[in-house]
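Enquirer: mmCIF, C-alpha atoms, file run-v1.cif:
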data_data
#
loop_
_atom_site.group_PDB
_atom_site.id
_atom_site.type_symbol
_atom_site.label_atom_id
_atom_site.label_comp_id
_atom_site.auth_asym_id
_atom_site.auth_seq_id
_atom_site.Cartn_x
_atom_site.Cartn_y
_atom_site.Cartn_z
ATOM 1 C CA MET W 1 54.978 131.629 25.943
ATOM 2 C CA LYS W 2 54.139 135.172 24.934
ATOM 3 C CA PHE W 3 51.542 135.923 22.270
ATOM 4 C CA GLU W 4 54.059 137.002 19.632
ATOM 5 C CA GLU W 5 56.135 133.833 20.024
ATOM 6 C CA CYS W 6 53.026 131.658 20.160
ATOM 7 C CA ILE W 7 51.676 132.712 16.767
ATOM 8 C CA ILE W 8 55.092 132.145 15.194
ATOM 9 C CA ARG W 9 55.632 128.691 16.668
ATOM 10 C CA LEU W 10 52.110 127.509 15.905
ATOM 11 C CA GLY W 11 52.834 128.143 12.231
ATOM 12 C CA PHE W 12 50.707 131.123 11.243
ATOM 13 C CA THR W 13 51.886 132.792 8.031
ATOM 14 C CA GLU W 14 53.420 136.267 7.996
ATOM 15 C CA ASN W 15 50.153 137.781 6.742
ATOM 16 C CA GLU W 16 48.107 135.920 9.372
ATOM 17 C CA ARG W 17 50.486 137.065 12.109
ATOM 18 C CA ALA W 18 50.126 140.659 10.916
ATOM 19 C CA ILE W 19 46.326 140.455 11.217
ATOM 20 C CA LEU W 20 46.529 138.983 14.711
ATOM 21 C CA THR W 21 49.219 141.438 15.807
ATOM 22 C CA ASP W 22 47.054 144.385 14.718
ATOM 23 C CA ILE W 23 44.308 143.116 17.012
ATOM 24 C CA HIS W 24 46.835 142.552 19.781
ATOM 25 C CA LYS W 25 47.913 146.193 19.564
ATOM 26 C CA LYS W 26 44.338 147.191 20.336
ATOM 27 C CA CYS W 27 44.930 145.908 23.865
ATOM 28 C CA ASP W 28 46.538 149.264 24.569
ATOM 29 C CA GLU W 29 43.129 150.836 24.107
ATOM 30 C CA LYS W 30 41.291 151.014 27.433
ATOM 31 C CA GLU W 31 37.871 149.962 26.122
ATOM 32 C CA PHE W 32 39.260 146.970 24.206
ATOM 33 C CA SER W 33 41.395 145.882 27.148
ATOM 34 C CA GLU W 34 38.483 146.063 29.598
ATOM 35 C CA GLU W 35 36.228 144.070 27.283
ATOM 36 C CA LEU W 36 38.903 141.432 26.763
ATOM 37 C CA ALA W 37 39.271 141.064 30.533
ATOM 38 C CA ARG W 38 35.805 139.486 30.544
ATOM 39 C CA ALA W 39 36.881 136.724 28.172
ATOM 40 C CA ARG W 40 37.868 134.143 30.776
ATOM 41 C CA GLU W 41 34.736 134.772 32.835
ATOM 42 C CA GLU W 42 32.483 134.245 29.815
ATOM 43 C CA TYR W 43 34.502 131.230 28.666
ATOM 44 C CA ASP W 44 34.040 129.596 32.070
ATOM 45 C CA LYS W 45 30.262 129.964 31.744
ATOM 46 C CA GLY W 46 30.220 127.570 28.778
ATOM 47 C CA ASP W 47 30.342 127.515 24.990
ATOM 48 C CA GLU W 48 26.988 129.230 24.388
ATOM 49 C CA ALA W 49 27.770 132.159 26.679
ATOM 50 C CA PHE W 50 31.249 132.462 25.208
ATOM 51 C CA GLY W 51 29.871 132.572 21.655
ATOM 52 C CA GLU W 52 27.436 135.330 22.618
ATOM 53 C CA TYR W 53 30.272 137.257 24.256
ATOM 54 C CA ILE W 54 32.416 137.030 21.099
ATOM 55 C CA SER W 55 29.535 138.315 18.951
ATOM 56 C CA ALA W 56 28.916 141.305 21.230
ATOM 57 C CA PHE W 57 32.659 142.007 21.556
ATOM 58 C CA SER W 58 32.991 141.970 17.754
ATOM 59 C CA GLU W 59 30.241 144.544 17.326
ATOM 60 C CA LYS W 60 31.803 146.865 19.907
ATOM 61 C CA SER W 61 35.377 146.541 18.660
ATOM 62 C CA GLY W 62 34.741 146.411 14.929
ATOM 63 C CA VAL W 63 36.978 143.322 14.639
ATOM 64 C CA TYR W 64 35.622 140.614 12.320
ATOM 65 C CA VAL W 65 33.926 138.040 14.533
ATOM 66 C CA ASN W 66 35.793 134.942 13.290
ATOM 67 C CA THR W 67 39.170 136.644 13.592
ATOM 68 C CA LEU W 68 38.313 137.891 17.073
ATOM 69 C CA ASN W 69 37.199 134.388 18.014
ATOM 70 C CA LEU W 70 40.617 133.032 17.027
ATOM 71 C CA TYR W 71 42.457 135.868 18.755
ATOM 72 C CA VAL W 72 40.729 135.291 22.102
ATOM 73 C CA TYR W 73 41.461 131.577 21.914
ATOM 74 C CA LEU W 74 45.105 132.395 21.290
ATOM 75 C CA ARG W 75 45.162 134.569 24.388
ATOM 76 C CA PHE W 76 43.971 131.514 26.332
ATOM 77 C CA VAL W 77 46.791 129.501 24.739
ATOM 78 C CA GLU W 78 49.235 131.499 26.863
ATOM 79 C CA GLU W 79 47.568 130.081 29.990
ATOM 80 C CA THR W 80 47.514 126.601 28.467
ATOM 81 C CA TYR W 81 51.234 126.759 27.821
ATOM 82 C CA ALA W 82 51.859 127.742 31.442
ATOM 83 C CA GLU W 83 50.001 124.590 32.533
ATOM 84 C CA TYR W 84 52.092 122.505 30.119
ATOM 85 C CA ARG W 85 55.223 123.950 31.703
ATOM 86 C CA ARG W 86 53.918 123.259 35.206
ATOM 87 C CA ARG W 87 53.302 119.623 34.346
ATOM 88 C CA GLY W 88 56.570 119.236 32.459
ATOM 89 C CA ILE W 89 54.874 118.494 29.114
ATOM 90 C CA SER W 90 57.036 119.118 26.063
ATOM 91 C CA ASP W 91 56.741 122.010 23.630
ATOM 92 C CA GLU W 92 56.435 119.412 20.863
ATOM 93 C CA MET W 93 53.215 118.067 22.369
ATOM 94 C CA PHE W 94 51.949 121.599 22.912
ATOM 95 C CA LEU W 95 52.482 122.539 19.271
ATOM 96 C CA LYS W 96 51.017 119.296 17.896
ATOM 97 C CA THR W 97 47.902 119.577 20.026
ATOM 98 C CA LEU W 98 47.186 123.270 19.478
ATOM 99 C CA SER W 99 48.042 123.307 15.757
ATOM 100 C CA GLY W 100 44.373 122.622 14.992
ATOM 101 C CA LEU W 101 43.684 126.269 15.779
ATOM 102 C CA VAL W 102 45.798 127.132 12.752
ATOM 103 C CA SER W 103 44.394 124.729 10.160
ATOM 104 C CA VAL W 104 40.725 125.452 10.857
ATOM 105 C CA SER W 105 41.218 129.227 10.828
ATOM 106 C CA ARG W 106 42.238 129.416 7.180
ATOM 107 C CA PRO W 107 39.677 130.174 4.448
ATOM 108 C CA VAL W 108 38.086 127.046 2.987
ATOM 109 C CA SER W 109 38.425 128.415 -0.560
ATOM 110 C CA LYS W 110 39.777 131.361 -2.537
ATOM 111 C CA GLU W 111 36.268 132.793 -2.601
ATOM 112 C CA VAL W 112 36.129 132.918 1.203
ATOM 113 C CA LYS W 113 38.530 135.622 2.345
ATOM 114 C CA GLU W 114 37.742 135.831 6.053
ATOM 115 C CA PHE W 115 40.471 134.616 8.392
ATOM 116 C CA GLY W 116 39.620 133.102 11.754
ATOM 117 C CA ILE W 117 37.544 130.452 13.480
ATOM 118 C CA PRO W 118 33.823 130.390 12.613
ATOM 119 C CA GLN W 119 31.488 131.042 15.507
ATOM 120 C CA ASN W 120 30.356 127.960 17.470
ATOM 121 C CA VAL W 121 32.385 125.488 15.396
ATOM 122 C CA PHE W 122 34.329 122.781 17.258
ATOM 123 C CA ARG W 123 34.129 124.757 20.503
ATOM 124 C CA SER W 124 34.091 121.608 22.641
ATOM 125 C CA TRP W 125 37.293 120.379 20.976
ATOM 126 C CA TYR W 126 39.123 123.650 21.532
ATOM 127 C CA ARG W 127 37.942 123.713 25.129
ATOM 128 C CA LEU W 128 39.382 120.243 25.752
ATOM 129 C CA ALA W 129 42.739 121.231 24.260
ATOM 130 C CA LEU W 130 42.900 124.589 26.019
ATOM 131 C CA ASP W 131 41.940 123.008 29.351
ATOM 132 C CA CYS W 132 44.709 120.377 29.017
ATOM 133 C CA LYS W 133 42.330 117.441 28.685
ATOM 134 C CA LEU W 134 43.068 116.514 25.062
ATOM 135 C CA PHE W 135 46.460 115.682 23.578
ATOM 136 C CA SER W 136 47.546 114.813 20.059
ATOM 137 C CA PRO W 137 50.823 112.923 19.647
ATOM 138 C CA GLY W 138 49.787 112.169 16.056
ATOM 139 C CA GLY W 139 47.198 109.899 14.412
ATOM 140 C CA LEU W 140 45.186 109.318 17.574
ATOM 141 C CA LEU W 141 44.018 111.903 20.083
ATOM 142 C CA PHE W 142 43.793 111.052 23.771
ATOM 143 C CA GLU W 143 41.280 112.740 26.061
ATOM 144 C CA ILE W 144 41.070 112.557 29.853
ATOM 145 C CA PHE W 145 37.489 111.403 30.238
ATOM 146 C CA GLU W 146 34.981 110.241 32.839
ATOM 147 C CA ALA W 147 33.916 106.637 32.235
ATOM 148 C CA PRO W 148 30.259 106.625 31.067
ATOM 149 C CA CYS W 149 29.587 103.330 32.861
ATOM 150 C CA ASP W 150 31.342 100.613 34.862
ATOM 151 C CA ILE W 151 33.966 99.012 32.632
ATOM 152 C CA GLU W 152 36.044 95.872 33.087
ATOM 153 C CA VAL W 153 38.567 94.649 30.560
ATOM 154 C CA ASP W 154 41.542 92.276 30.815
ATOM 155 C CA GLY W 155 41.608 92.339 34.605
ATOM 156 C CA LYS W 156 41.390 96.096 34.967
ATOM 157 C CA SER W 157 38.292 98.087 35.817
ATOM 158 C CA VAL W 158 36.983 101.613 36.279
ATOM 159 C CA GLY W 159 33.685 102.708 37.753
ATOM 160 C CA LYS W 160 31.255 105.128 36.196
ATOM 161 C CA GLY W 161 32.699 108.625 36.543
ATOM 162 C CA ASP W 162 36.269 107.411 37.115
ATOM 163 C CA SER W 163 39.046 108.759 34.904
ATOM 164 C CA CYS W 164 39.888 106.872 31.750
ATOM 165 C CA ILE W 165 41.360 107.841 28.377
ATOM 166 C CA SER W 166 39.027 108.354 25.436
ATOM 167 C CA VAL W 167 40.581 107.655 22.028
ATOM 168 C CA HIS W 168 39.701 109.765 18.983
ATOM 169 C CA ILE W 169 40.875 109.076 15.438
ATOM 170 C CA LEU W 170 42.129 111.856 13.197
ATOM 171 C CA ARG W 171 40.800 111.755 9.646
ATOM 172 C CA GLY W 172 43.258 109.885 7.451
ATOM 173 C CA ALA W 173 45.146 108.406 10.409
ATOM 174 C CA LYS W 174 47.064 105.169 9.948
ATOM 175 C CA LEU W 175 45.372 102.402 11.926
ATOM 176 C CA ASP W 176 47.990 99.710 11.406
ATOM 177 C CA ASP W 177 48.932 97.672 14.457
ATOM 178 C CA GLU W 178 52.474 99.010 14.809
ATOM 179 C CA THR W 179 51.442 102.663 14.691
ATOM 180 C CA CYS W 180 48.488 102.299 17.065
ATOM 181 C CA GLU W 181 50.293 100.184 19.642
ATOM 182 C CA ALA W 182 53.166 102.663 19.716
ATOM 183 C CA LEU W 183 50.686 105.478 20.382
ATOM 184 C CA TYR W 184 48.927 103.535 23.161
ATOM 185 C CA ALA W 185 52.297 102.819 24.765
ATOM 186 C CA PHE W 186 53.200 106.489 24.536
ATOM 187 C CA ALA W 187 49.871 107.497 26.083
ATOM 188 C CA ARG W 188 50.297 105.109 29.033
ATOM 189 C CA GLY W 189 53.647 106.664 29.872
ATOM 190 C CA PHE W 190 52.451 110.214 29.177
ATOM 191 C CA PHE W 191 49.400 110.141 31.446
ATOM 192 C CA LYS W 192 51.248 108.303 34.197
ATOM 193 C CA LYS W 193 54.129 110.793 34.188
ATOM 194 C CA HIS W 194 52.219 114.036 33.774
ATOM 195 C CA PHE W 195 48.853 113.240 35.416
ATOM 196 C CA GLY W 196 49.683 110.459 37.855
ATOM 197 C CA MET W 197 47.309 107.985 36.191
ATOM 198 C CA GLU W 198 48.314 104.413 37.053
ATOM 199 C CA ASN W 199 45.190 102.421 36.149
ATOM 200 C CA ILE W 200 44.723 103.353 32.514
ATOM 201 C CA ILE W 201 41.852 102.007 30.448
ATOM 202 C CA PHE W 202 41.315 103.301 26.925
ATOM 203 C CA ILE W 203 37.786 103.686 25.608
ATOM 204 C CA CYS W 204 36.612 104.543 22.108
ATOM 205 C CA LYS W 205 33.046 105.483 21.204
ATOM 206 C CA SER W 206 32.904 105.475 17.434
ATOM 207 C CA TRP W 207 31.298 104.058 14.303
ATOM 208 C CA LEU W 208 34.588 102.152 13.943
ATOM 209 C CA ILE W 209 33.644 100.019 16.965
ATOM 210 C CA HIS W 210 30.314 98.701 15.609
ATOM 211 C CA PRO W 211 30.338 94.897 14.895
ATOM 212 C CA TRP W 212 28.780 95.206 11.429
ATOM 213 C CA LEU W 213 32.142 96.332 10.078
ATOM 214 C CA CYS W 214 33.746 93.019 10.977
ATOM 215 C CA GLU W 215 30.936 91.244 9.141
ATOM 216 C CA VAL W 216 31.543 93.010 5.816
ATOM 217 C CA LEU W 217 35.240 93.880 5.776
ATOM 218 C CA PRO W 218 38.101 91.397 5.341
ATOM 219 C CA ASP W 219 40.242 90.335 8.290
ATOM 220 C CA THR W 220 43.145 92.219 6.704
ATOM 221 C CA SER W 221 41.279 95.543 7.058
ATOM 222 C CA SER W 222 42.963 98.077 9.352
ATOM 223 C CA ILE W 223 39.505 99.051 10.612
ATOM 224 C CA VAL W 224 38.767 95.468 11.611
ATOM 225 C CA ASN W 225 42.152 95.172 13.294
ATOM 226 C CA PHE W 226 41.588 98.434 15.184
ATOM 227 C CA GLN W 227 38.167 97.302 16.393
ATOM 228 C CA LYS W 228 39.281 93.834 17.473
ATOM 229 C CA LYS W 229 41.689 95.367 19.971
ATOM 230 C CA PHE W 230 38.664 96.648 21.911
ATOM 231 C CA LYS W 231 36.135 94.794 24.032
ATOM 232 C CA ILE W 232 32.738 96.061 22.926
ATOM 233 C CA ILE W 233 30.772 97.322 25.929
ATOM 234 C CA TYR W 234 27.621 98.385 24.081
ATOM 235 C CA VAL W 235 26.346 99.465 20.655
ATOM 236 C CA GLU W 236 23.642 101.880 19.550
ATOM 237 C CA ASP W 237 22.048 103.190 16.343
ATOM 238 C CA ASP W 238 23.749 106.244 14.951
ATOM 239 C CA LEU W 239 24.624 107.944 11.657
ATOM 240 C CA SER W 240 27.855 109.671 12.674
ATOM 241 C CA GLY W 241 29.904 107.449 10.362
ATOM 242 C CA LEU W 242 28.280 108.925 7.251
ATOM 243 C CA SER W 243 30.617 111.877 6.838
ATOM 244 C CA TRP W 244 33.678 109.706 7.488
ATOM 245 C CA ILE W 245 32.719 107.058 4.944
ATOM 246 C CA PHE W 246 31.116 109.147 2.194
ATOM 247 C CA GLY W 247 32.452 112.656 2.743
ATOM 248 C CA SER W 248 31.579 115.681 4.848
ATOM 249 C CA GLY W 249 28.356 116.437 2.952
ATOM 250 C CA ALA W 250 26.813 113.061 3.729
ATOM 251 C CA GLY W 251 25.795 114.016 7.232
ATOM 252 C CA SER W 252 23.151 116.508 6.150
ATOM 253 C CA ALA W 253 19.425 115.806 6.142
ATOM 254 C CA LYS W 254 19.306 116.635 2.434
ATOM 255 C CA ALA W 255 21.974 114.055 1.630
ATOM 256 C CA LEU W 256 20.130 111.386 3.586
ATOM 257 C CA GLU W 257 17.269 111.629 1.078
ATOM 258 C CA LYS W 258 19.586 110.480 -1.692
ATOM 259 C CA ILE W 259 21.230 107.369 -0.353
ATOM 260 C CA GLU W 260 21.060 105.765 -3.783
ATOM 261 C CA ASP W 261 23.452 108.464 -5.038
ATOM 262 C CA TYR W 262 26.152 107.785 -2.446
ATOM 263 C CA PRO W 263 29.491 106.768 -4.012
ATOM 264 C CA GLU W 264 30.631 103.148 -4.192
ATOM 265 C CA ASN W 265 34.346 103.649 -4.763
ATOM 266 C CA THR W 266 35.512 101.448 -1.867
ATOM 267 C CA SER W 267 34.388 98.186 -0.308
ATOM 268 C CA LEU W 268 33.474 100.127 2.827
ATOM 269 C CA GLN W 269 31.304 102.573 0.883
ATOM 270 C CA ARG W 270 29.567 99.736 -0.931
ATOM 271 C CA ALA W 271 28.882 97.862 2.304
ATOM 272 C CA ALA W 272 27.665 100.974 4.122
ATOM 273 C CA LYS W 273 25.414 102.004 1.233
ATOM 274 C CA LYS W 274 23.894 98.522 1.083
ATOM 275 C CA ARG W 275 23.216 98.641 4.811
ATOM 276 C CA LEU W 276 21.563 102.062 4.576
ATOM 277 C CA LEU W 277 19.396 101.008 1.632
ATOM 278 C CA GLU W 278 18.217 98.068 3.732
ATOM 279 C CA GLY W 279 16.902 100.594 6.247
ATOM 280 C CA LYS W 280 19.616 99.948 8.835
ATOM 281 C CA LYS W 281 21.776 102.545 10.529
ATOM 282 C CA LEU W 282 25.547 102.412 10.625
ATOM 283 C CA GLY W 283 25.608 102.510 14.404
ATOM 284 C CA LEU W 284 28.407 103.140 16.838
ATOM 285 C CA GLY W 285 29.905 101.192 19.664
ATOM 286 C CA LEU W 286 31.722 101.831 22.906
ATOM 287 C CA GLY W 287 34.823 99.707 23.232
ATOM 288 C CA ALA W 288 37.472 99.384 25.933
ATOM 289 C CA ARG W 289 41.050 98.101 26.049
ATOM 290 C CA ILE W 290 44.157 98.423 28.163
#
What do you get writing this file as structure tokens?
Expert:
Amino acid sequence: MKFEECIIRLGFTENERAILTDIHKKCDEKEFSEELARAREEYDKGDEAFGEYISAFSEKSGVYVNTLNLYVYLRFVEETYAEYRRRGISDEMFLKTLSGLVSVSRPVSKEVKEFGIPQNVFRSWYRLALDCKLFSPGGLLFEIFEAPCDIEVDGKSVGKGDSCISVHILRGAKLDDETCEALYAFARGFFKKHFGMENIIFICKSWLIHPWLCEVLPDTSSIVNFQKKFKIIYVEDDLSGLSWIFGSGAGSAKALEKIEDYPENTSLQRAAKKRLLEGKKLGLGLGARI
């Protein structure tokens, strides 16, 4: 898929496409083209090196750093699409998975005019998607992952370092049984067909897998139902659930000093706030299922 078609099909607006196309035209300039040729080399060195490269490239080219960041990622998308084609993966999956590049690149408010992806934000997620290790059929994301330890569940097992499928939950996703089971069934067929994976074990490392939730939420809760489908392998203290339960600002150190001011609009918020005020952490767990 060529660059021009890619930015149309991913859903960028006419104005956004014009900005990106103007940068693309710079590729005819020798200096810009030579600098861009280094992109893959720097990307392969890791996220820190790639971020430094984007900053330096922005200064040399005069292109706003966030917009340049997005543009270079989109150039990599061409290679990603070629790998999708090679594996026989549908355009629909390609567009669903890479659409995150579009949503995060838009200004967060009318006061913020800059278009593009902020430096060093979500780089690991983009890398997974661009490297064909993360796929988003909708609601849940599935990542080809190395098992962090030996895992056995329902007669199947994987050893530490073996391939499994890590499950991630999109914010606002429906966690009802019918939706989730349909997605797991889809994933089994998808990874078997396109990656030759026969022995599929799903793992999920999340605040949603910690047992305290089952102690405070009713059995009818979708969170409880989601968790009960997993065998808990281990749990640990963690605060990553804060932003999911109370909002994106709750993860900051400043917010943690004001636990008493956290909202209590839902039963989950009330239970989590009570737990935090008792000096306990929300925790996370690693669960596995087939």
Enquirer: Can you spell out as a PDB file with C-alpha atoms, keeping the file's coordinate frame the set of residues that the PyMOL selection byres ((chain W and resi 169) around 8) selects in the structure I just provided?
Expert:
ATOM      1  CA  GLY W 139      47.198 109.899  14.412  1.00  0.00           C
ATOM      2  CA  LEU W 140      45.186 109.318  17.574  1.00  0.00           C
ATOM      3  CA  LEU W 141      44.018 111.903  20.083  1.00  0.00           C
ATOM      4  CA  VAL W 167      40.581 107.655  22.028  1.00  0.00           C
ATOM      5  CA  HIS W 168      39.701 109.765  18.983  1.00  0.00           C
ATOM      6  CA  LEU W 170      42.129 111.856  13.197  1.00  0.00           C
ATOM      7  CA  ARG W 171      40.800 111.755   9.646  1.00  0.00           C
ATOM      8  CA  ALA W 173      45.146 108.406  10.409  1.00  0.00           C
TER       9      ALA W 173
END
Enquirer: Could you tell me, as an MDAnalysis selection string, exactly which residues end up selected when the PyMOL selection byres ((chain W and resi 226-243) around 7) is applied to this structure?
Expert: chainID W and resid 153 175 207:210 222:225 244:251 281:289
Enquirer: Atom CA of Pro148 of chain W and atom CA of Ile200 of chain W, how far apart in Å?
Expert: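 Answer for the atom CA of Ile200 of chain W to atom CA of Pro148 of chain W separation: 14.9 Å.
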Enquirer: If the box runs along x, y and z of the file and leaves 5 Å on each side of segment 275-287 of chain W, what are its centre and edge lengths in Å, one decimal, as JSON?
Expert:
{"center_x": 25.9, "center_y": 100.6, "center_z": 12.4, "size_x": 27.9, "size_y": 15.1, "size_z": 31.6}
Enquirer: Taking (56.5, 136.9, 17.1) in the file's coordinates as the center, which residues reach within 12 Å of it, counting all atoms listed in the file, put as a VMD selection string?
Expert: chain W and resid 1 to 14 16 to 18 20 to 21 24
Enquirer: Quick one: which residues end up in the PyMOL selection byres ((chain W and resi 49-56) around 12) for this structure, as a VMD selection string?
Expert: chain W and resid 35 to 48 57 to 73 117 to 124 127
Enquirer: Name all residues at most 12 Å from Ala271 of chain W (count only C-alpha atoms; drop same-chain ones fewer than 6 positions away) and give them as a PDB file with C-alpha atoms, in the coordinates of the input.
Expert:
ATOM      1  CA  TRP W 212      28.780  95.206  11.429  1.00  0.00           C
ATOM      2  CA  LEU W 213      32.142  96.332  10.078  1.00  0.00           C
ATOM      3  CA  CYS W 214      33.746  93.019  10.977  1.00  0.00           C
ATOM      4  CA  GLU W 215      30.936  91.244   9.141  1.00  0.00           C
ATOM      5  CA  VAL W 216      31.543  93.010   5.816  1.00  0.00           C
ATOM      6  CA  LEU W 217      35.240  93.880   5.776  1.00  0.00           C
ATOM      7  CA  PRO W 218      38.101  91.397   5.341  1.00  0.00           C
ATOM      8  CA  ILE W 245      32.719 107.058   4.944  1.00  0.00           C
ATOM      9  CA  PHE W 246      31.116 109.147   2.194  1.00  0.00           C
ATOM     10  CA  TYR W 262      26.152 107.785  -2.446  1.00  0.00           C
ATOM     11  CA  PRO W 263      29.491 106.768  -4.012  1.00  0.00           C
ATOM     12  CA  GLU W 264      30.631 103.148  -4.192  1.00  0.00           C
ATOM     13  CA  ASN W 265      34.346 103.649  -4.763  1.00  0.00           C
ATOM     14  CA  LEU W 277      19.396 101.008   1.632  1.00  0.00           C
ATOM     15  CA  GLU W 278      18.217  98.068   3.732  1.00  0.00           C
ATOM     16  CA  LYS W 280      19.616  99.948   8.835  1.00  0.00           C
ATOM     17  CA  LYS W 281      21.776 102.545  10.529  1.00  0.00           C
ATOM     18  CA  LEU W 282      25.547 102.412  10.625  1.00  0.00           C
TER      19      LEU W 282
END
Enquirer: From the list W:Phe142, W:Phe94, W:Phe135, W:Phe202, which residue is nearest Cys164 of chain W when using only C-alpha atoms?
Expert: W:Phe202
Enquirer: Neighbouring residues of Tyr81 of chain W were defined as those with any atom within 9 Å, considering all atoms listed in the file; residues of the same chain fewer than 3 positions away were excluded. Please report them as an MDAnalysis selection string.
Expert: chainID W and resid 1 76:78 84:86 91 94 130
Enquirer: So the first atom is atom CA of Gly138 of chain W and the second is atom CA of Cys204 of chain W; what is the distance between them in Å, to one decimal place?
Expert: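 That distance, rounded to one decimal, is 16.4 Å.
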Enquirer: Ranking W:Val102, W:Ala147, W:Leu268, W:Ile165 by minimum distance to Tyr126 of chain W and counting only C-alpha atoms, which one comes first?
Expert: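 Using only C-alpha atoms, the shortest distance to Tyr126 of chain W belongs to W:Val102.
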Enquirer: Output segment 201-207 of chain W as a PDB file, in the coordinates of the input, making sure all heavy atoms are there.
Expert:
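Once everything was written out, this is out31.pdb:
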ATOM      1  N   ILE W 201      42.692 102.730  31.393  1.00  0.00           N
ATOM      2  CA  ILE W 201      41.852 102.007  30.448  1.00  0.00           C
ATOM      3  C   ILE W 201      41.496 102.975  29.324  1.00  0.00           C
ATOM      4  O   ILE W 201      41.083 104.108  29.577  1.00  0.00           O
ATOM      5  CB  ILE W 201      40.576 101.462  31.124  1.00  0.00           C
ATOM      6  CG1 ILE W 201      40.938 100.267  32.023  1.00  0.00           C
ATOM      7  CG2 ILE W 201      39.528 101.055  30.088  1.00  0.00           C
ATOM      8  CD1 ILE W 201      39.747  99.645  32.730  1.00  0.00           C
ATOM      9  N   PHE W 202      41.683 102.506  28.088  1.00  0.00           N
ATOM     10  CA  PHE W 202      41.315 103.301  26.925  1.00  0.00           C
ATOM     11  C   PHE W 202      39.888 102.942  26.504  1.00  0.00           C
ATOM     12  O   PHE W 202      39.523 101.759  26.489  1.00  0.00           O
ATOM     13  CB  PHE W 202      42.253 103.015  25.749  1.00  0.00           C
ATOM     14  CG  PHE W 202      43.682 103.400  25.988  1.00  0.00           C
ATOM     15  CD1 PHE W 202      44.619 102.430  26.349  1.00  0.00           C
ATOM     16  CD2 PHE W 202      44.105 104.708  25.857  1.00  0.00           C
ATOM     17  CE1 PHE W 202      45.944 102.770  26.564  1.00  0.00           C
ATOM     18  CE2 PHE W 202      45.433 105.062  26.064  1.00  0.00           C
ATOM     19  CZ  PHE W 202      46.359 104.091  26.423  1.00  0.00           C
ATOM     20  N   ILE W 203      39.098 103.945  26.179  1.00  0.00           N
ATOM     21  CA  ILE W 203      37.786 103.686  25.608  1.00  0.00           C
ATOM     22  C   ILE W 203      37.692 104.394  24.264  1.00  0.00           C
ATOM     23  O   ILE W 203      38.410 105.363  24.009  1.00  0.00           O
ATOM     24  CB  ILE W 203      36.635 104.143  26.526  1.00  0.00           C
ATOM     25  CG1 ILE W 203      36.615 105.671  26.682  1.00  0.00           C
ATOM     26  CG2 ILE W 203      36.703 103.460  27.878  1.00  0.00           C
ATOM     27  CD1 ILE W 203      35.351 106.207  27.326  1.00  0.00           C
ATOM     28  N   CYS W 204      36.838 103.900  23.401  1.00  0.00           N
ATOM     29  CA  CYS W 204      36.612 104.543  22.108  1.00  0.00           C
ATOM     30  C   CYS W 204      35.140 104.383  21.770  1.00  0.00           C
ATOM     31  O   CYS W 204      34.642 103.262  21.689  1.00  0.00           O
ATOM     32  CB  CYS W 204      37.478 103.910  21.022  1.00  0.00           C
ATOM     33  SG  CYS W 204      37.317 104.703  19.395  1.00  0.00           S
ATOM     34  N   LYS W 205      34.446 105.498  21.622  1.00  0.00           N
ATOM     35  CA  LYS W 205      33.046 105.483  21.204  1.00  0.00           C
ATOM     36  C   LYS W 205      33.003 106.012  19.786  1.00  0.00           C
ATOM     37  O   LYS W 205      33.214 107.199  19.539  1.00  0.00           O
ATOM     38  CB  LYS W 205      32.198 106.346  22.132  1.00  0.00           C
ATOM     39  CG  LYS W 205      30.700 106.210  21.873  1.00  0.00           C
ATOM     40  CD  LYS W 205      29.871 106.972  22.899  1.00  0.00           C
ATOM     41  CE  LYS W 205      28.378 106.763  22.675  1.00  0.00           C
ATOM     42  NZ  LYS W 205      27.551 107.495  23.673  1.00  0.00           N
ATOM     43  N   SER W 206      32.752 105.112  18.837  1.00  0.00           N
ATOM     44  CA  SER W 206      32.904 105.475  17.434  1.00  0.00           C
ATOM     45  C   SER W 206      32.153 104.501  16.536  1.00  0.00           C
ATOM     46  O   SER W 206      31.871 103.366  16.929  1.00  0.00           O
ATOM     47  CB  SER W 206      34.393 105.465  17.073  1.00  0.00           C
ATOM     48  OG  SER W 206      34.595 105.551  15.678  1.00  0.00           O
ATOM     49  N   TRP W 207      31.867 104.952  15.314  1.00  0.00           N
ATOM     50  CA  TRP W 207      31.298 104.058  14.303  1.00  0.00           C
ATOM     51  C   TRP W 207      32.281 102.938  13.970  1.00  0.00           C
ATOM     52  O   TRP W 207      31.875 101.858  13.528  1.00  0.00           O
ATOM     53  CB  TRP W 207      30.924 104.840  13.042  1.00  0.00           C
ATOM     54  CG  TRP W 207      32.103 105.452  12.324  1.00  0.00           C
ATOM     55  CD1 TRP W 207      32.696 106.648  12.576  1.00  0.00           C
ATOM     56  CD2 TRP W 207      32.824 104.874  11.226  1.00  0.00           C
ATOM     57  NE1 TRP W 207      33.748 106.866  11.714  1.00  0.00           N
ATOM     58  CE2 TRP W 207      33.844 105.801  10.875  1.00  0.00           C
ATOM     59  CE3 TRP W 207      32.707 103.690  10.511  1.00  0.00           C
ATOM     60  CZ2 TRP W 207      34.735 105.560   9.835  1.00  0.00           C
ATOM     61  CZ3 TRP W 207      33.600 103.442   9.473  1.00  0.00           C
ATOM     62  CH2 TRP W 207      34.609 104.376   9.150  1.00  0.00           C
TER      63      TRP W 207
END
